[in-house]
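**Q** Next up is a structure, given as structure tokens.
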Amino acid sequence: MIKDYELKNSKYIIHDVVPCYDVDSTLRMRPVGFMNIAQEMATRAAEPFGFGYDDMIRKNMAWVLSRMHFHFIDIPRWKDELEISTWHKGIVGPFFVRDFSICDTDGMLKAVGTSSWVVLDTIKRSMVKISEFIDMIPEESACHEDAIGTLAPKVMMPRNSSPQLVKSVKLGYSDIDLNGHTNNARYIHYATDCFDCAEMEKMAVSDVYITFNHETMAGETLDLYLLDEDASNYTEELKIARVSTIEGKVGDKQAFCARIVFTER
């Protein structure tokens, strides 16, 4: 899909237009739209430096997203022309960190994000030690600029809470990605489907935080639980309309946990 790109200060940059299938009825980009962009950009941006999908799979390894935080400053709209950038910041603690930014044609920031990754052994289905793949990542390919000043946090359902079971989804063909498990963007898709459509149109998504804990497979049933939190705990300047945590579980196994912060439109 992405054919033309430029590398500038180790940033991978493309120009694109917001497509109709990534917006809602208000013509604004849905959160899953950002996730779709981020995962494609992450995959493509690694290729020029020799640690893309093809390079990794030859060693029976694959990049797996562990945590993500993205923030909408001004939600892009249908047909908006955008400059989308991504760059990696190397290894930070146990994670490989990659940031993102989206600007309009005038250079005004629309959205920013940061993500934390690990490497999966595609045969053993277990995590690969950093020492086993670090030599594949050239030092000069890193850029240490921050799109968001802090790493994506671990999201957890508050202790002693009683989230409500909203819906259950049987995972199928459309959920599974090239690594053989549920695609990370599908979890955002299901998380936002826990909200009433009319209510979503009255609010704007400000921040999405998500932690991926266990992979899920086709044929499994994903149970989705929702808990509304006290929005007064958030001290941002924007008028917070709602803060919700969504947990996806297969049986007793937590697949993901996400927190979504909404502002008034």
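Convention: chains lettered A, B, ... in structure tokens order; per-chain residue numbering from 1; ligands numbered from 1 as shown.
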Neighbouring residues of stretch 204-215 of chain A were defined as those with any atom within 6 Å, considering only C-alpha atoms; residues of the same chain fewer than 3 positions away were excluded. Please report them as an NGL selection string.

**A** :A and (66-72 or 154-155 or 255-263 or 265)

**Q** Got time to write the residues from that selection, N, CA and C atoms, as a PDB file, in the first residue's frame?

**A**
```pdb
ATOM      1  N   SER A  66       3.666  -5.016  22.315  1.00  0.00           N
ATOM      2  CA  SER A  66       3.382  -5.296  23.724  1.00  0.00           C
ATOM      3  C   SER A  66       2.545  -4.196  24.372  1.00  0.00           C
ATOM      4  N   ARG A  67       2.896  -2.929  24.100  1.00  0.00           N
ATOM      5  CA  ARG A  67       2.163  -1.803  24.690  1.00  0.00           C
ATOM      6  C   ARG A  67       2.080  -0.663  23.685  1.00  0.00           C
ATOM      7  N   MET A  68       1.039   0.144  23.831  1.00  0.00           N
ATOM      8  CA  MET A  68       0.847   1.268  22.914  1.00  0.00           C
ATOM      9  C   MET A  68       0.138   2.395  23.645  1.00  0.00           C
ATOM     10  N   HIS A  69       0.535   3.615  23.348  1.00  0.00           N
ATOM     11  CA  HIS A  69      -0.199   4.800  23.803  1.00  0.00           C
ATOM     12  C   HIS A  69      -0.216   5.785  22.655  1.00  0.00           C
ATOM     13  N   PHE A  70      -1.406   6.213  22.248  1.00  0.00           N
ATOM     14  CA  PHE A  70      -1.464   7.276  21.251  1.00  0.00           C
ATOM     15  C   PHE A  70      -2.450   8.342  21.685  1.00  0.00           C
ATOM     16  N   HIS A  71      -2.164   9.557  21.235  1.00  0.00           N
ATOM     17  CA  HIS A  71      -2.914  10.738  21.657  1.00  0.00           C
ATOM     18  C   HIS A  71      -3.338  11.530  20.426  1.00  0.00           C
ATOM     19  N   PHE A  72      -4.627  11.818  20.345  1.00  0.00           N
ATOM     20  CA  PHE A  72      -5.151  12.660  19.272  1.00  0.00           C
ATOM     21  C   PHE A  72      -5.136  14.110  19.742  1.00  0.00           C
ATOM     22  N   LYS A 154       1.874   0.119  31.481  1.00  0.00           N
ATOM     23  CA  LYS A 154       1.118  -1.123  31.565  1.00  0.00           C
ATOM     24  C   LYS A 154      -0.290  -0.798  32.036  1.00  0.00           C
ATOM     25  N   VAL A 155      -1.279  -1.237  31.283  1.00  0.00           N
ATOM     26  CA  VAL A 155      -2.676  -0.974  31.635  1.00  0.00           C
ATOM     27  C   VAL A 155      -3.240  -2.185  32.366  1.00  0.00           C
ATOM     28  N   ALA A 255      -6.240 -11.305  27.382  1.00  0.00           N
ATOM     29  CA  ALA A 255      -5.597 -11.048  26.094  1.00  0.00           C
ATOM     30  C   ALA A 255      -5.068  -9.622  26.018  1.00  0.00           C
ATOM     31  N   PHE A 256      -5.887  -8.669  26.436  1.00  0.00           N
ATOM     32  CA  PHE A 256      -5.472  -7.270  26.417  1.00  0.00           C
ATOM     33  C   PHE A 256      -6.226  -6.491  27.479  1.00  0.00           C
ATOM     34  N   CYS A 257      -5.692  -5.319  27.792  1.00  0.00           N
ATOM     35  CA  CYS A 257      -6.382  -4.377  28.668  1.00  0.00           C
ATOM     36  C   CYS A 257      -6.128  -2.986  28.107  1.00  0.00           C
ATOM     37  N   ALA A 258      -7.195  -2.224  27.889  1.00  0.00           N
ATOM     38  CA  ALA A 258      -7.079  -0.904  27.278  1.00  0.00           C
ATOM     39  C   ALA A 258      -7.773   0.139  28.134  1.00  0.00           C
ATOM     40  N   ARG A 259      -7.240   1.349  28.093  1.00  0.00           N
ATOM     41  CA  ARG A 259      -7.899   2.477  28.760  1.00  0.00           C
ATOM     42  C   ARG A 259      -8.089   3.564  27.710  1.00  0.00           C
ATOM     43  N   ILE A 260      -9.318   4.064  27.616  1.00  0.00           N
ATOM     44  CA  ILE A 260      -9.635   5.089  26.616  1.00  0.00           C
ATOM     45  C   ILE A 260     -10.136   6.340  27.342  1.00  0.00           C
ATOM     46  N   VAL A 261      -9.539   7.456  27.013  1.00  0.00           N
ATOM     47  CA  VAL A 261      -9.912   8.737  27.591  1.00  0.00           C
ATOM     48  C   VAL A 261     -10.674   9.550  26.540  1.00  0.00           C
ATOM     49  N   PHE A 262     -11.868   9.968  26.883  1.00  0.00           N
ATOM     50  CA  PHE A 262     -12.716  10.731  25.962  1.00  0.00           C
ATOM     51  C   PHE A 262     -12.814  12.187  26.441  1.00  0.00           C
ATOM     52  N   THR A 263     -12.891  13.100  25.486  1.00  0.00           N
ATOM     53  CA  THR A 263     -13.174  14.492  25.785  1.00  0.00           C
ATOM     54  C   THR A 263     -14.494  14.871  25.133  1.00  0.00           C
ATOM     55  N   ARG A 265     -16.841  16.820  22.586  1.00  0.00           N
ATOM     56  CA  ARG A 265     -16.629  17.258  21.197  1.00  0.00           C
ATOM     57  C   ARG A 265     -16.647  18.769  21.135  1.00  0.00           C
TER      58      ARG A 265
END
```

**Q** With DSSP run on the backbone, what are the strand (DSSP E) residues within stretch 82-218 of chain A? I'd like them as a ChimeraX atom specification.

**A** /A:82-92,95-104,109-121,126-127,164-170,203-212

**Q** Show me, as a compact mmCIF listing (two decimals) with N, CA and C atoms, in the first residue's frame, the residues that have an atom within 8 Å of A:Ile84 when counting only C-alpha atoms, minus same-chain residues fewer than 3 positions from it.

**A**
```
# COMPACT_ATOMS: atom_id res chain seq x y z
N ILE A 13 9.21 8.36 6.61
CA ILE A 13 8.14 9.34 6.40
C ILE A 13 7.38 9.03 5.11
N ILE A 14 6.07 9.06 5.21
CA ILE A 14 5.23 8.92 4.03
C ILE A 14 4.18 10.02 4.02
N HIS A 15 3.56 10.21 2.86
CA HIS A 15 2.43 11.13 2.73
C HIS A 15 1.22 10.31 2.28
N ASP A 16 0.11 10.53 2.95
CA ASP A 16 -1.07 9.73 2.66
C ASP A 16 -2.32 10.56 2.90
N PHE A 100 5.63 7.52 16.84
CA PHE A 100 4.90 7.92 15.64
C PHE A 100 4.43 9.37 15.78
N SER A 101 4.31 10.04 14.64
CA SER A 101 3.66 11.35 14.62
C SER A 101 2.91 11.51 13.31
N ILE A 102 1.78 12.23 13.38
CA ILE A 102 0.98 12.54 12.20
C ILE A 102 0.77 14.05 12.16
N CYS A 103 1.12 14.65 11.04
CA CYS A 103 0.95 16.10 10.85
C CYS A 103 0.11 16.36 9.61
```

**Q** Run DSSP on the backbone and grab whatever in stretch 28-140 of chain A lands in alpha helix (DSSP H); send it over as an NGL selection string.

**A** :A and (31-46 or 53-57)

**Q** May I have the selected residues written with N, CA and C atoms, as a short mmCIF file (atom, residue, chain, number, x, y, z; two decimals), in the first residue's frame?

**A**
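Output below, filename selection-v7.cif:
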```cif
data_model
loop_
_atom_site.label_atom_id
_atom_site.label_comp_id
_atom_site.auth_asym_id
_atom_site.auth_seq_id
_atom_site.Cartn_x
_atom_site.Cartn_y
_atom_site.Cartn_z
N PRO A 31 -10.12 5.27 16.29
CA PRO A 31 -8.87 4.81 16.91
C PRO A 31 -8.23 3.64 16.16
N VAL A 32 -9.04 2.73 15.64
CA VAL A 32 -8.47 1.60 14.90
C VAL A 32 -7.74 2.07 13.64
N GLY A 33 -8.14 3.23 13.12
CA GLY A 33 -7.45 3.79 11.96
C GLY A 33 -6.01 4.13 12.29
N PHE A 34 -5.79 4.72 13.47
CA PHE A 34 -4.42 5.01 13.88
C PHE A 34 -3.63 3.72 14.04
N MET A 35 -4.25 2.71 14.65
CA MET A 35 -3.56 1.43 14.86
C MET A 35 -3.18 0.78 13.54
N ASN A 36 -4.07 0.87 12.55
CA ASN A 36 -3.77 0.31 11.24
C ASN A 36 -2.56 1.00 10.60
N ILE A 37 -2.53 2.32 10.72
CA ILE A 37 -1.41 3.09 10.19
C ILE A 37 -0.12 2.70 10.91
N ALA A 38 -0.19 2.63 12.24
CA ALA A 38 1.00 2.39 13.05
C ALA A 38 1.63 1.03 12.75
N GLN A 39 0.79 0.00 12.64
CA GLN A 39 1.38 -1.32 12.42
C GLN A 39 1.97 -1.44 11.01
N GLU A 40 1.36 -0.82 10.03
CA GLU A 40 1.91 -0.87 8.68
C GLU A 40 3.22 -0.07 8.61
N MET A 41 3.22 1.10 9.24
CA MET A 41 4.42 1.93 9.25
C MET A 41 5.57 1.23 9.98
N ALA A 42 5.27 0.59 11.11
CA ALA A 42 6.30 -0.12 11.87
C ALA A 42 6.93 -1.22 11.03
N THR A 43 6.09 -1.94 10.31
CA THR A 43 6.59 -3.03 9.47
C THR A 43 7.46 -2.50 8.35
N ARG A 44 6.98 -1.46 7.67
CA ARG A 44 7.72 -0.93 6.53
C ARG A 44 9.01 -0.22 6.94
N ALA A 45 8.96 0.48 8.08
CA ALA A 45 10.11 1.29 8.48
C ALA A 45 11.32 0.46 8.86
N ALA A 46 11.10 -0.78 9.26
CA ALA A 46 12.21 -1.65 9.65
C ALA A 46 12.94 -2.22 8.43
N TYR A 53 10.04 -7.61 8.40
CA TYR A 53 9.37 -8.91 8.53
C TYR A 53 10.15 -10.02 7.84
N ASP A 54 10.54 -9.80 6.61
CA ASP A 54 11.25 -10.85 5.87
C ASP A 54 12.57 -11.21 6.52
N ASP A 55 13.29 -10.20 7.03
CA ASP A 55 14.56 -10.46 7.69
C ASP A 55 14.37 -11.28 8.97
N MET A 56 13.33 -10.95 9.71
CA MET A 56 13.08 -11.62 10.98
C MET A 56 12.56 -13.04 10.77
N ILE A 57 11.64 -13.20 9.82
CA ILE A 57 11.00 -14.51 9.66
C ILE A 57 11.99 -15.56 9.18
#
```

**Q** With distances taken over only C-alpha atoms, which residue among A:Val128, A:Cys20, A:Ala142, A:Met108 lies nearest A:Lys59?

**A**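 For A:Lys59, the nearest of the given residues is A:Val128.
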
**Q** Excluding same-chain residues fewer than 3 positions from A:Thr216, what lies within 7 Å of it counting only C-alpha atoms, as a list in words?

**A**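 In the requested format, the answer is His181, Thr182, Glu220 and Ala255 of chain A.
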
**Q** At a cut-off of 7 Å, using only C-alpha atoms, what residues contact A:Trp87? Leave out same-chain residues fewer than 4 positions from it and give the result as a VMD selection string.

**A** chain A and resid 10 to 12 98 to 100 142 to 143

**Q** Find the residues near stretch 221-231 of chain A: any atom within 7 Å, counting only C-alpha atoms, skip ones fewer than 3 places away on the same chain, and give them as a PyMOL selection string.

**A** chain A and resi 163-171+234+240+242-250

**Q** Could you dump the residues just selected with C-alpha atoms as a PDB file, in the first residue's frame?

**A**
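So part-v6.pdb came out as:
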```pdb
ATOM      1  CA  PRO A 163     -16.289  -4.637  35.293  1.00  0.00           C
ATOM      2  CA  GLN A 164     -19.408  -5.455  33.303  1.00  0.00           C
ATOM      3  CA  LEU A 165     -19.407  -8.152  30.638  1.00  0.00           C
ATOM      4  CA  VAL A 166     -20.513  -6.223  27.548  1.00  0.00           C
ATOM      5  CA  LYS A 167     -20.196  -8.765  24.761  1.00  0.00           C
ATOM      6  CA  SER A 168     -18.468 -11.925  23.593  1.00  0.00           C
ATOM      7  CA  VAL A 169     -16.904 -12.383  20.163  1.00  0.00           C
ATOM      8  CA  LYS A 170     -15.830 -15.608  18.497  1.00  0.00           C
ATOM      9  CA  LEU A 171     -12.542 -14.890  16.756  1.00  0.00           C
ATOM     10  CA  TYR A 234      -7.453  13.124  35.279  1.00  0.00           C
ATOM     11  CA  ILE A 240     -12.652  14.899  30.178  1.00  0.00           C
ATOM     12  CA  ARG A 242     -15.322   9.727  30.211  1.00  0.00           C
ATOM     13  CA  VAL A 243     -12.501   7.345  31.129  1.00  0.00           C
ATOM     14  CA  SER A 244     -13.093   3.638  30.559  1.00  0.00           C
ATOM     15  CA  THR A 245     -11.041   0.474  30.913  1.00  0.00           C
ATOM     16  CA  ILE A 246     -11.810  -2.466  28.650  1.00  0.00           C
ATOM     17  CA  GLU A 247     -10.468  -5.945  29.255  1.00  0.00           C
ATOM     18  CA  GLY A 248     -10.532  -8.778  26.740  1.00  0.00           C
ATOM     19  CA  LYS A 249     -10.286 -12.310  28.135  1.00  0.00           C
ATOM     20  CA  VAL A 250     -10.377 -15.844  26.775  1.00  0.00           C
TER      21      VAL A 250
END
```

**Q** What's the separation between atom CA of A:Leu82 and atom CA of A:Val23, in Å to one decimal place?

**A** 14.4 Å

**Q** Record the distance separating atom CA of A:Leu65 and atom CA of A:Val119, expressed in Å with one decimal.

**A**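 Atom CA of A:Val119 lies at a distance of 8.6 Å from atom CA of A:Leu65.
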
**Q** One number please: atom CA of A:Ala111 to atom CA of A:His189, in Å, one decimal.

**A**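 That distance, rounded to one decimal, is 18.3 Å.
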
**Q** Could you tell me which of A:Ala152, A:Leu7, A:Ala198, A:Ile130 comes closest to A:Ser85 if we count only C-alpha atoms?

**A**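 Under the stated criterion, the closest residue is A:Leu7.
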
**Q** Do a neighbour search on A:Val18 at 6 Å with only C-alpha atoms, toss out local chain neighbours closer than 4 positions, and write the hits as a PyMOL selection string.

**A** chain A and resi 78-80
